[in-house]
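Text of model.pdb, listed as PDB, C-alpha atoms and all ligand atoms:
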```pdb
ATOM      1  CA  MET A 333     113.223  57.452-246.993  1.00  0.00           C
ATOM      2  CA  LYS A 334     114.059  53.784-246.724  1.00  0.00           C
ATOM      3  CA  GLN A 335     117.499  54.632-245.360  1.00  0.00           C
ATOM      4  CA  LYS A 336     115.970  56.887-242.746  1.00  0.00           C
ATOM      5  CA  LEU A 337     113.428  54.314-241.647  1.00  0.00           C
ATOM      6  CA  LEU A 338     116.113  51.732-241.307  1.00  0.00           C
ATOM      7  CA  SER A 339     118.381  54.101-239.405  1.00  0.00           C
ATOM      8  CA  TRP A 340     115.711  54.587-236.771  1.00  0.00           C
ATOM      9  CA  ALA A 341     115.219  50.859-236.615  1.00  0.00           C
ATOM     10  CA  VAL A 342     118.958  50.390-236.154  1.00  0.00           C
ATOM     11  CA  LEU A 343     119.017  52.991-233.399  1.00  0.00           C
ATOM     12  CA  ALA A 344     116.170  51.252-231.654  1.00  0.00           C
ATOM     13  CA  ALA A 345     117.934  47.926-232.053  1.00  0.00           C
ATOM     14  CA  LEU A 346     121.122  49.351-230.554  1.00  0.00           C
ATOM     15  CA  ALA A 347     119.113  50.323-227.547  1.00  0.00           C
ATOM     16  CA  LEU A 348     118.231  46.743-226.867  1.00  0.00           C
ATOM     17  CA  ALA A 349     121.429  45.778-225.096  1.00  0.00           C
ATOM     18  CA  THR A 350     120.832  48.517-222.563  1.00  0.00           C
ATOM     19  CA  CYS A 351     117.194  47.546-222.511  1.00  0.00           C
ATOM     20  CA  TRP A 352     118.123  44.113-221.239  1.00  0.00           C
ATOM     21  CA  CYS A 353     120.039  45.682-218.373  1.00  0.00           C
ATOM     22  CA  LEU A 354     117.211  48.031-217.495  1.00  0.00           C
ATOM     23  CA  CYS A 355     114.712  45.233-217.245  1.00  0.00           C
ATOM     24  CA  PHE A 356     116.683  43.704-214.404  1.00  0.00           C
ATOM     25  CA  TYR A 357     116.801  46.974-212.474  1.00  0.00           C
ATOM     26  CA  ARG A 358     113.086  47.543-212.962  1.00  0.00           C
ATOM     27  CA  THR A 359     112.030  44.188-211.617  1.00  0.00           C
ATOM     28  CA  GLY A 360     109.800  44.742-208.622  1.00  0.00           C
ATOM     29  CA  GLU A 361     109.475  48.453-209.249  1.00  0.00           C
ATOM     30  CA  THR A 362     105.955  49.783-208.869  1.00  0.00           C
ATOM     31  CA  ARG A 363     104.454  52.777-210.602  1.00  0.00           C
ATOM     32  CA  SER A 364     101.071  54.001-211.631  1.00  0.00           C
ATOM     33  CA  ALA A 365      99.830  52.562-214.896  1.00  0.00           C
ATOM     34  CA  PHE A 366      98.044  55.862-215.465  1.00  0.00           C
ATOM     35  CA  LEU A 367     101.050  58.134-214.954  1.00  0.00           C
ATOM     36  CA  PRO A 368     101.318  60.322-218.060  1.00  0.00           C
ATOM     37  CA  ALA A 369     104.608  61.668-219.307  1.00  0.00           C
ATOM     38  CA  ARG A 370     105.094  64.151-222.106  1.00  0.00           C
ATOM     39  CA  CYS A 371     107.714  64.563-224.794  1.00  0.00           C
ATOM     40  CA  SER A 372     107.673  67.762-226.823  1.00  0.00           C
ATOM     41  CA  GLY A 373     104.049  68.289-225.854  1.00  0.00           C
ATOM     42  CA  GLN A 374     103.071  64.873-227.168  1.00  0.00           C
ATOM     43  CA  VAL A 375     101.768  62.048-225.020  1.00  0.00           C
ATOM     44  CA  LEU A 376     102.317  58.542-226.302  1.00  0.00           C
ATOM     45  CA  ILE A 377      99.806  56.122-224.832  1.00  0.00           C
ATOM     46  CA  LEU A 378     100.512  52.405-225.063  1.00  0.00           C
ATOM     47  CA  ASP A 379      97.557  50.068-224.724  1.00  0.00           C
ATOM     48  CA  ALA A 380      98.302  46.409-224.127  1.00  0.00           C
ATOM     49  CA  GLY A 381      94.993  44.960-225.265  1.00  0.00           C
ATOM     50  CA  HIS A 382      92.892  42.824-222.879  1.00  0.00           C
ATOM     51  CA  GLY A 383      94.311  41.722-219.502  1.00  0.00           C
ATOM     52  CA  GLY A 384      93.279  39.879-216.362  1.00  0.00           C
ATOM     53  CA  GLU A 385      90.305  37.579-216.894  1.00  0.00           C
ATOM     54  CA  ASP A 386      90.039  38.830-220.483  1.00  0.00           C
ATOM     55  CA  GLY A 387      92.921  37.059-222.154  1.00  0.00           C
ATOM     56  CA  GLY A 388      91.830  37.986-225.671  1.00  0.00           C
ATOM     57  CA  ALA A 389      92.638  35.457-228.378  1.00  0.00           C
ATOM     58  CA  VAL A 390      94.080  32.083-227.396  1.00  0.00           C
ATOM     59  CA  SER A 391      96.211  30.143-229.876  1.00  0.00           C
ATOM     60  CA  PRO A 392      95.584  26.450-230.626  1.00  0.00           C
ATOM     61  CA  SER A 393      98.527  25.616-228.352  1.00  0.00           C
ATOM     62  CA  GLY A 394      97.249  27.854-225.546  1.00  0.00           C
ATOM     63  CA  ALA A 395      99.279  31.056-225.972  1.00  0.00           C
ATOM     64  CA  ILE A 396      97.329  33.956-224.472  1.00  0.00           C
ATOM     65  CA  GLU A 397      97.109  37.185-226.455  1.00  0.00           C
ATOM     66  CA  SER A 398      96.936  39.556-223.467  1.00  0.00           C
ATOM     67  CA  GLN A 399     100.310  38.356-222.187  1.00  0.00           C
ATOM     68  CA  ILE A 400     102.030  38.823-225.537  1.00  0.00           C
ATOM     69  CA  ASN A 401     100.482  42.287-225.854  1.00  0.00           C
ATOM     70  CA  LEU A 402     101.836  43.231-222.450  1.00  0.00           C
ATOM     71  CA  ALA A 403     105.316  41.863-223.158  1.00  0.00           C
ATOM     72  CA  ILE A 404     105.599  44.015-226.302  1.00  0.00           C
ATOM     73  CA  VAL A 405     104.313  47.142-224.544  1.00  0.00           C
ATOM     74  CA  LEU A 406     106.770  46.713-221.665  1.00  0.00           C
ATOM     75  CA  ARG A 407     109.652  46.390-224.153  1.00  0.00           C
ATOM     76  CA  MET A 408     108.509  49.550-225.911  1.00  0.00           C
ATOM     77  CA  ASP A 409     108.427  51.343-222.563  1.00  0.00           C
ATOM     78  CA  GLN A 410     112.005  50.283-221.867  1.00  0.00           C
ATOM     79  CA  ILE A 411     113.300  51.291-225.288  1.00  0.00           C
ATOM     80  CA  LEU A 412     111.512  54.642-225.234  1.00  0.00           C
ATOM     81  CA  GLY A 413     113.026  55.341-221.845  1.00  0.00           C
ATOM     82  CA  LEU A 414     116.429  55.317-223.468  1.00  0.00           C
ATOM     83  CA  TYR A 415     115.283  58.166-225.692  1.00  0.00           C
ATOM     84  CA  GLY A 416     114.008  60.210-222.770  1.00  0.00           C
ATOM     85  CA  THR A 417     110.367  59.455-223.473  1.00  0.00           C
ATOM     86  CA  ALA A 418     108.174  57.847-220.870  1.00  0.00           C
ATOM     87  CA  PRO A 419     104.955  56.698-222.470  1.00  0.00           C
ATOM     88  CA  MET A 420     101.706  56.387-220.575  1.00  0.00           C
ATOM     89  CA  LEU A 421     100.871  52.704-220.132  1.00  0.00           C
ATOM     90  CA  LEU A 422      97.192  51.888-219.730  1.00  0.00           C
ATOM     91  CA  ARG A 423      98.267  48.713-217.979  1.00  0.00           C
ATOM     92  CA  ASP A 424     101.695  47.454-216.968  1.00  0.00           C
ATOM     93  CA  ALA A 425     100.581  44.161-215.430  1.00  0.00           C
ATOM     94  CA  ASP A 426      98.258  41.288-216.269  1.00  0.00           C
ATOM     95  CA  VAL A 427      95.151  43.035-214.995  1.00  0.00           C
ATOM     96  CA  SER A 428      91.791  44.253-216.182  1.00  0.00           C
ATOM     97  CA  LEU A 429      91.110  47.953-215.615  1.00  0.00           C
ATOM     98  CA  HIS A 430      87.491  47.565-214.507  1.00  0.00           C
ATOM     99  CA  ASP A 431      85.810  49.318-211.605  1.00  0.00           C
ATOM    100  CA  ASP A 432      85.396  47.413-208.341  1.00  0.00           C
ATOM    101  CA  THR A 433      81.626  47.471-208.828  1.00  0.00           C
ATOM    102  CA  ALA A 434      81.806  45.300-211.965  1.00  0.00           C
ATOM    103  CA  GLN A 435      80.818  41.723-211.132  1.00  0.00           C
ATOM    104  CA  THR A 436      80.291  39.613-214.229  1.00  0.00           C
ATOM    105  CA  LEU A 437      82.890  39.079-216.924  1.00  0.00           C
ATOM    106  CA  ARG A 438      80.828  41.198-219.300  1.00  0.00           C
ATOM    107  CA  GLU A 439      80.506  44.018-216.764  1.00  0.00           C
ATOM    108  CA  LYS A 440      84.253  43.910-216.172  1.00  0.00           C
ATOM    109  CA  LYS A 441      84.976  44.047-219.908  1.00  0.00           C
ATOM    110  CA  VAL A 442      82.621  47.011-220.426  1.00  0.00           C
ATOM    111  CA  SER A 443      84.046  48.843-217.415  1.00  0.00           C
ATOM    112  CA  ASP A 444      87.615  48.123-218.532  1.00  0.00           C
ATOM    113  CA  LEU A 445      86.996  49.604-221.972  1.00  0.00           C
ATOM    114  CA  HIS A 446      85.195  52.654-220.542  1.00  0.00           C
ATOM    115  CA  ASN A 447      88.138  53.294-218.232  1.00  0.00           C
ATOM    116  CA  ARG A 448      90.660  52.949-221.061  1.00  0.00           C
ATOM    117  CA  VAL A 449      88.713  55.412-223.194  1.00  0.00           C
ATOM    118  CA  ALA A 450      88.451  57.867-220.288  1.00  0.00           C
ATOM    119  CA  ALA A 451      92.182  57.630-219.586  1.00  0.00           C
ATOM    120  CA  ILE A 452      93.014  58.294-223.236  1.00  0.00           C
ATOM    121  CA  GLU A 453      90.530  61.122-223.641  1.00  0.00           C
ATOM    122  CA  ALA A 454      91.878  62.835-220.509  1.00  0.00           C
ATOM    123  CA  GLN A 455      95.178  63.480-222.296  1.00  0.00           C
ATOM    124  CA  GLU A 456      95.799  66.358-224.685  1.00  0.00           C
ATOM    125  CA  ASN A 457      97.995  65.868-227.755  1.00  0.00           C
ATOM    126  CA  ALA A 458      97.839  62.131-227.354  1.00  0.00           C
ATOM    127  CA  THR A 459      98.809  59.385-229.750  1.00  0.00           C
ATOM    128  CA  LEU A 460      97.598  55.871-229.012  1.00  0.00           C
ATOM    129  CA  ILE A 461      99.300  52.663-230.028  1.00  0.00           C
ATOM    130  CA  SER A 462      97.076  49.723-229.131  1.00  0.00           C
ATOM    131  CA  ILE A 463      98.769  46.335-229.277  1.00  0.00           C
ATOM    132  CA  HIS A 464      96.873  43.159-230.178  1.00  0.00           C
ATOM    133  CA  GLN A 465      97.408  39.753-231.766  1.00  0.00           C
ATOM    134  CA  ASN A 466      95.262  38.388-234.560  1.00  0.00           C
ATOM    135  CA  ILE A 467      93.595  34.996-234.939  1.00  0.00           C
ATOM    136  CA  PHE A 468      91.602  33.385-237.754  1.00  0.00           C
ATOM    137  CA  GLN A 469      89.924  30.076-238.514  1.00  0.00           C
ATOM    138  CA  SER A 470      92.417  29.284-241.261  1.00  0.00           C
ATOM    139  CA  PRO A 471      96.057  28.857-240.207  1.00  0.00           C
ATOM    140  CA  LYS A 472      97.407  30.225-243.493  1.00  0.00           C
ATOM    141  CA  TYR A 473      97.298  33.954-242.739  1.00  0.00           C
ATOM    142  CA  HIS A 474     100.275  35.698-241.156  1.00  0.00           C
ATOM    143  CA  GLY A 475     101.903  39.108-240.892  1.00  0.00           C
ATOM    144  CA  ALA A 476     101.385  42.318-238.953  1.00  0.00           C
ATOM    145  CA  GLN A 477      98.468  44.583-239.849  1.00  0.00           C
ATOM    146  CA  VAL A 478      98.028  48.203-238.794  1.00  0.00           C
ATOM    147  CA  PHE A 479      94.544  49.645-238.319  1.00  0.00           C
ATOM    148  CA  TYR A 480      93.724  53.264-237.628  1.00  0.00           C
ATOM    149  CA  ALA A 481      90.938  55.440-236.205  1.00  0.00           C
ATOM    150  CA  ASN A 482      90.376  59.127-236.945  1.00  0.00           C
ATOM    151  CA  GLU A 483      91.836  58.955-240.445  1.00  0.00           C
ATOM    152  CA  ALA A 484      92.837  62.589-240.854  1.00  0.00           C
ATOM    153  CA  LEU A 485      95.016  62.411-237.744  1.00  0.00           C
ATOM    154  CA  SER A 486      96.196  58.839-237.955  1.00  0.00           C
ATOM    155  CA  LEU A 487      96.667  57.650-241.524  1.00  0.00           C
ATOM    156  CA  PRO A 488     100.240  58.965-242.021  1.00  0.00           C
ATOM    157  CA  PHE A 489     101.353  57.341-238.753  1.00  0.00           C
ATOM    158  CA  ALA A 490      99.600  54.101-239.697  1.00  0.00           C
ATOM    159  CA  GLN A 491     101.357  54.063-243.073  1.00  0.00           C
ATOM    160  CA  LEU A 492     104.712  54.819-241.472  1.00  0.00           C
ATOM    161  CA  THR A 493     104.258  52.046-238.917  1.00  0.00           C
ATOM    162  CA  GLN A 494     103.179  49.480-241.498  1.00  0.00           C
ATOM    163  CA  THR A 495     106.175  50.420-243.669  1.00  0.00           C
ATOM    164  CA  ILE A 496     108.682  50.081-240.836  1.00  0.00           C
ATOM    165  CA  LEU A 497     107.218  46.727-239.805  1.00  0.00           C
ATOM    166  CA  ARG A 498     107.599  45.537-243.392  1.00  0.00           C
ATOM    167  CA  GLU A 499     111.127  46.904-243.880  1.00  0.00           C
ATOM    168  CA  THR A 500     112.491  45.631-240.599  1.00  0.00           C
ATOM    169  CA  LEU A 501     110.622  42.393-239.910  1.00  0.00           C
ATOM    170  CA  ASP A 502     108.773  40.996-242.878  1.00  0.00           C
ATOM    171  CA  PRO A 503     109.619  42.217-246.419  1.00  0.00           C
ATOM    172  CA  GLU A 504     107.006  39.835-247.866  1.00  0.00           C
ATOM    173  CA  ASN A 505     104.204  41.494-245.925  1.00  0.00           C
ATOM    174  CA  THR A 506     102.370  43.639-248.476  1.00  0.00           C
ATOM    175  CA  ARG A 507      99.503  44.627-246.193  1.00  0.00           C
ATOM    176  CA  GLU A 508      98.382  48.250-246.176  1.00  0.00           C
ATOM    177  CA  PRO A 509      96.852  50.051-243.183  1.00  0.00           C
ATOM    178  CA  LYS A 510      93.079  49.719-242.879  1.00  0.00           C
ATOM    179  CA  PRO A 511      90.426  51.749-241.070  1.00  0.00           C
ATOM    180  CA  ILE A 512      89.367  50.073-237.853  1.00  0.00           C
ATOM    181  CA  SER A 513      86.044  48.250-237.953  1.00  0.00           C
ATOM    182  CA  ASP A 514      82.995  49.678-236.219  1.00  0.00           C
ATOM    183  CA  ASN A 515      82.900  46.941-233.580  1.00  0.00           C
ATOM    184  CA  VAL A 516      86.183  47.824-231.840  1.00  0.00           C
ATOM    185  CA  TYR A 517      84.793  49.911-228.975  1.00  0.00           C
ATOM    186  CA  LEU A 518      87.946  51.635-227.781  1.00  0.00           C
ATOM    187  CA  MET A 519      89.151  52.759-231.204  1.00  0.00           C
ATOM    188  CA  ASN A 520      85.677  54.113-232.055  1.00  0.00           C
ATOM    189  CA  HIS A 521      85.318  56.186-228.873  1.00  0.00           C
ATOM    190  CA  ILE A 522      88.529  58.196-228.825  1.00  0.00           C
ATOM    191  CA  THR A 523      89.391  61.384-230.653  1.00  0.00           C
ATOM    192  CA  CYS A 524      93.192  61.385-230.770  1.00  0.00           C
ATOM    193  CA  ARG A 525      95.643  59.990-233.308  1.00  0.00           C
ATOM    194  CA  ALA A 526      95.327  56.243-232.865  1.00  0.00           C
ATOM    195  CA  ILE A 527      96.574  53.042-234.425  1.00  0.00           C
ATOM    196  CA  LEU A 528      95.896  49.453-233.454  1.00  0.00           C
ATOM    197  CA  VAL A 529      98.597  46.976-234.427  1.00  0.00           C
ATOM    198  CA  GLU A 530      97.720  43.329-234.867  1.00  0.00           C
ATOM    199  CA  CYS A 531     101.313  42.138-234.566  1.00  0.00           C
ATOM    200  CA  GLY A 532     100.694  38.718-236.091  1.00  0.00           C
ATOM    201  CA  PHE A 533      98.405  35.700-236.225  1.00  0.00           C
ATOM    202  CA  LEU A 534      98.250  33.304-233.296  1.00  0.00           C
ATOM    203  CA  SER A 535      96.504  30.910-235.681  1.00  0.00           C
ATOM    204  CA  HIS A 536      99.615  30.618-237.895  1.00  0.00           C
ATOM    205  CA  PRO A 537     101.825  27.919-236.322  1.00  0.00           C
ATOM    206  CA  GLU A 538     105.208  29.508-237.126  1.00  0.00           C
ATOM    207  CA  GLU A 539     104.127  33.059-236.373  1.00  0.00           C
ATOM    208  CA  GLU A 540     102.561  31.898-233.114  1.00  0.00           C
ATOM    209  CA  LEU A 541     105.975  30.628-232.014  1.00  0.00           C
ATOM    210  CA  ARG A 542     107.677  33.862-233.081  1.00  0.00           C
ATOM    211  CA  LEU A 543     105.144  36.003-231.213  1.00  0.00           C
ATOM    212  CA  GLN A 544     105.968  34.138-227.998  1.00  0.00           C
ATOM    213  CA  ASP A 545     109.711  34.479-228.541  1.00  0.00           C
ATOM    214  CA  THR A 546     111.363  37.202-226.450  1.00  0.00           C
ATOM    215  CA  ASP A 547     113.769  38.212-229.200  1.00  0.00           C
ATOM    216  CA  TYR A 548     110.953  38.620-231.705  1.00  0.00           C
ATOM    217  CA  GLN A 549     108.896  40.595-229.190  1.00  0.00           C
ATOM    218  CA  ILE A 550     111.882  42.938-228.820  1.00  0.00           C
ATOM    219  CA  GLN A 551     112.139  43.273-232.593  1.00  0.00           C
ATOM    220  CA  LEU A 552     108.458  44.153-232.786  1.00  0.00           C
ATOM    221  CA  ALA A 553     108.813  46.648-229.945  1.00  0.00           C
ATOM    222  CA  SER A 554     111.859  48.175-231.659  1.00  0.00           C
ATOM    223  CA  ALA A 555     110.029  48.584-234.961  1.00  0.00           C
ATOM    224  CA  LEU A 556     107.004  50.177-233.297  1.00  0.00           C
ATOM    225  CA  THR A 557     109.229  52.445-231.233  1.00  0.00           C
ATOM    226  CA  ALA A 558     111.122  53.435-234.372  1.00  0.00           C
ATOM    227  CA  ALA A 559     107.822  54.435-235.990  1.00  0.00           C
ATOM    228  CA  TRP A 560     106.988  56.709-233.078  1.00  0.00           C
ATOM    229  CA  LEU A 561     110.460  58.269-233.023  1.00  0.00           C
ATOM    230  CA  GLN A 562     110.348  58.781-236.767  1.00  0.00           C
ATOM    231  CA  LEU A 563     106.983  60.508-236.398  1.00  0.00           C
ATOM    232  CA  GLN A 564     108.461  62.864-233.797  1.00  0.00           C
ATOM    233  CA  ASP A 565     111.394  63.555-236.075  1.00  0.00           C
ATOM    234  CA  THR A 566     109.109  64.326-239.007  1.00  0.00           C
ATOM    235  CA  GLY A 567     107.090  66.688-236.840  1.00  0.00           C
ATOM    236  CA  ARG A 568     110.217  68.632-235.882  1.00  0.00           C
ATOM    237  CA  GLU A 569     111.204  69.056-239.527  1.00  0.00           C
ATOM    238  CA  GLU A 570     107.901  70.675-240.452  1.00  0.00           C
ATOM    239  CA  PRO A 571     107.856  74.423-239.706  1.00  0.00           C
ATOM    240  CA  ALA A 572     104.777  75.730-237.943  1.00  0.00           C
ATOM    241  CA  ALA A 573     102.271  77.352-240.293  1.00  0.00           C
TER     242      ALA A 573
HETATM  243 ZN    ZN A 601      92.940  41.584-229.112  1.00  0.00          ZN
END
```
Starting from the coordinates I provided, produce the structure as structure tokens.
Ligand SMILES: [Zn+2]
Amino acid sequence: MKQKLLSWAVLAALALATCWCLCFYRTGETRSAFLPARCSGQVLILDAGHGGEDGGAVSPSGAIESQINLAIVLRMDQILGLYGTAPMLLRDADVSLHDDTAQTLREKKVSDLHNRVAAIEAQENATLISIHQNIFQSPKYHGAQVFYANEALSLPFAQLTQTILRETLDPENTREPKPISDNVYLMNHITCRAILVECGFLSHPEEELRLQDTDYQIQLASALTAAWLQLQDTGREEPAA
């Protein structure tokens, strides 16, 4: 099992050189953030948490969560493209997804979340990976943490993702996946397989620097992509009942 997980991670890592090239060609390209694409009947939806006026968590040195979330999602999109899979990105720019009628910051946030839920729920056979960064009062906590909604659908994927993150990035990270708390609106209003990955703590000085580092963002994106590819591979191995 460990060998297989690592082999996917290696494959994803090998893709990175090409990924670098692709990012130059894609500069300036425009496409709909709501354009779905399917692979083997599955739709992978990538949610870069927050965006626009809602920056999410801000580190003590001023690093903005929404921008790190987006950077990781865009890397995942590039890597997945090399495997013939085009995920659906809820946002591919630093924007909020609120309706034009929303005026206040609160109205924009509510509208943004409603629109994300609607976009996810409109897809059949969807799997959501929502990307966030953690923050805490104490600077001592660090390490990625996977949360899941809809346990029956999501727990195996959450466990796989947490394992790959540990094996490839942080062997000391002994965290186990946890059910998402009741106060995360998006994760509590969707019905598909869904995980939310807190990639690290912006409140931990060293991890904060890593999370802003392009190479580390690519490593995170590779690990998360490897989890998705491994899940697809596992699904193919299981004969239909
Ligand atoms: Zn967040």
Can you list, as number ranges by chain, the residues that the PyMOL selection byres (((chain A and resi 482) around 9) and not hetatm) selects here? A: 480-481, 483-487, 511, 519-520, 522-526
Restrict the selected residues to C-alpha atoms and save them as a PDB file, keeping the file's coordinate frame.
```pdb
ATOM      1  CA  TYR A 480      93.724  53.264-237.628  1.00  0.00           C
ATOM      2  CA  ALA A 481      90.938  55.440-236.205  1.00  0.00           C
ATOM      3  CA  GLU A 483      91.836  58.955-240.445  1.00  0.00           C
ATOM      4  CA  ALA A 484      92.837  62.589-240.854  1.00  0.00           C
ATOM      5  CA  LEU A 485      95.016  62.411-237.744  1.00  0.00           C
ATOM      6  CA  SER A 486      96.196  58.839-237.955  1.00  0.00           C
ATOM      7  CA  LEU A 487      96.667  57.650-241.524  1.00  0.00           C
ATOM      8  CA  PRO A 511      90.426  51.749-241.070  1.00  0.00           C
ATOM      9  CA  MET A 519      89.151  52.759-231.204  1.00  0.00           C
ATOM     10  CA  ASN A 520      85.677  54.113-232.055  1.00  0.00           C
ATOM     11  CA  ILE A 522      88.529  58.196-228.825  1.00  0.00           C
ATOM     12  CA  THR A 523      89.391  61.384-230.653  1.00  0.00           C
ATOM     13  CA  CYS A 524      93.192  61.385-230.770  1.00  0.00           C
ATOM     14  CA  ARG A 525      95.643  59.990-233.308  1.00  0.00           C
ATOM     15  CA  ALA A 526      95.327  56.243-232.865  1.00  0.00           C
TER      16      ALA A 526
END
```
Picked residues, the PyMOL selection byres (((not hetatm)) within 7 of (chain A and resi 601)), expected as JSON, numbers by chain: {"A": [381, 382, 388, 389, 397, 464, 465, 466]}
Of the residues A:Gln562, A:Gln455, A:His446, A:Ile404, which is the one nearest to Gly373 (chain A), using all atoms listed in the file? A:Gln455
Determine the residue set returned by the PyMOL selection byres (((chain A and resi 435-441) around 12) and not hetatm) for the present structure, and present it as a count of residues only. 25
Do you know which residues are at most 12 Å from Thr493 (chain A) counting only C-alpha atoms, after dropping those on the same chain fewer than 4 positions away, and could you put them as a PyMOL selection string? chain A and resi 337+340-341+461+476-480+486-489+497-501+507-509+526-531+552-563
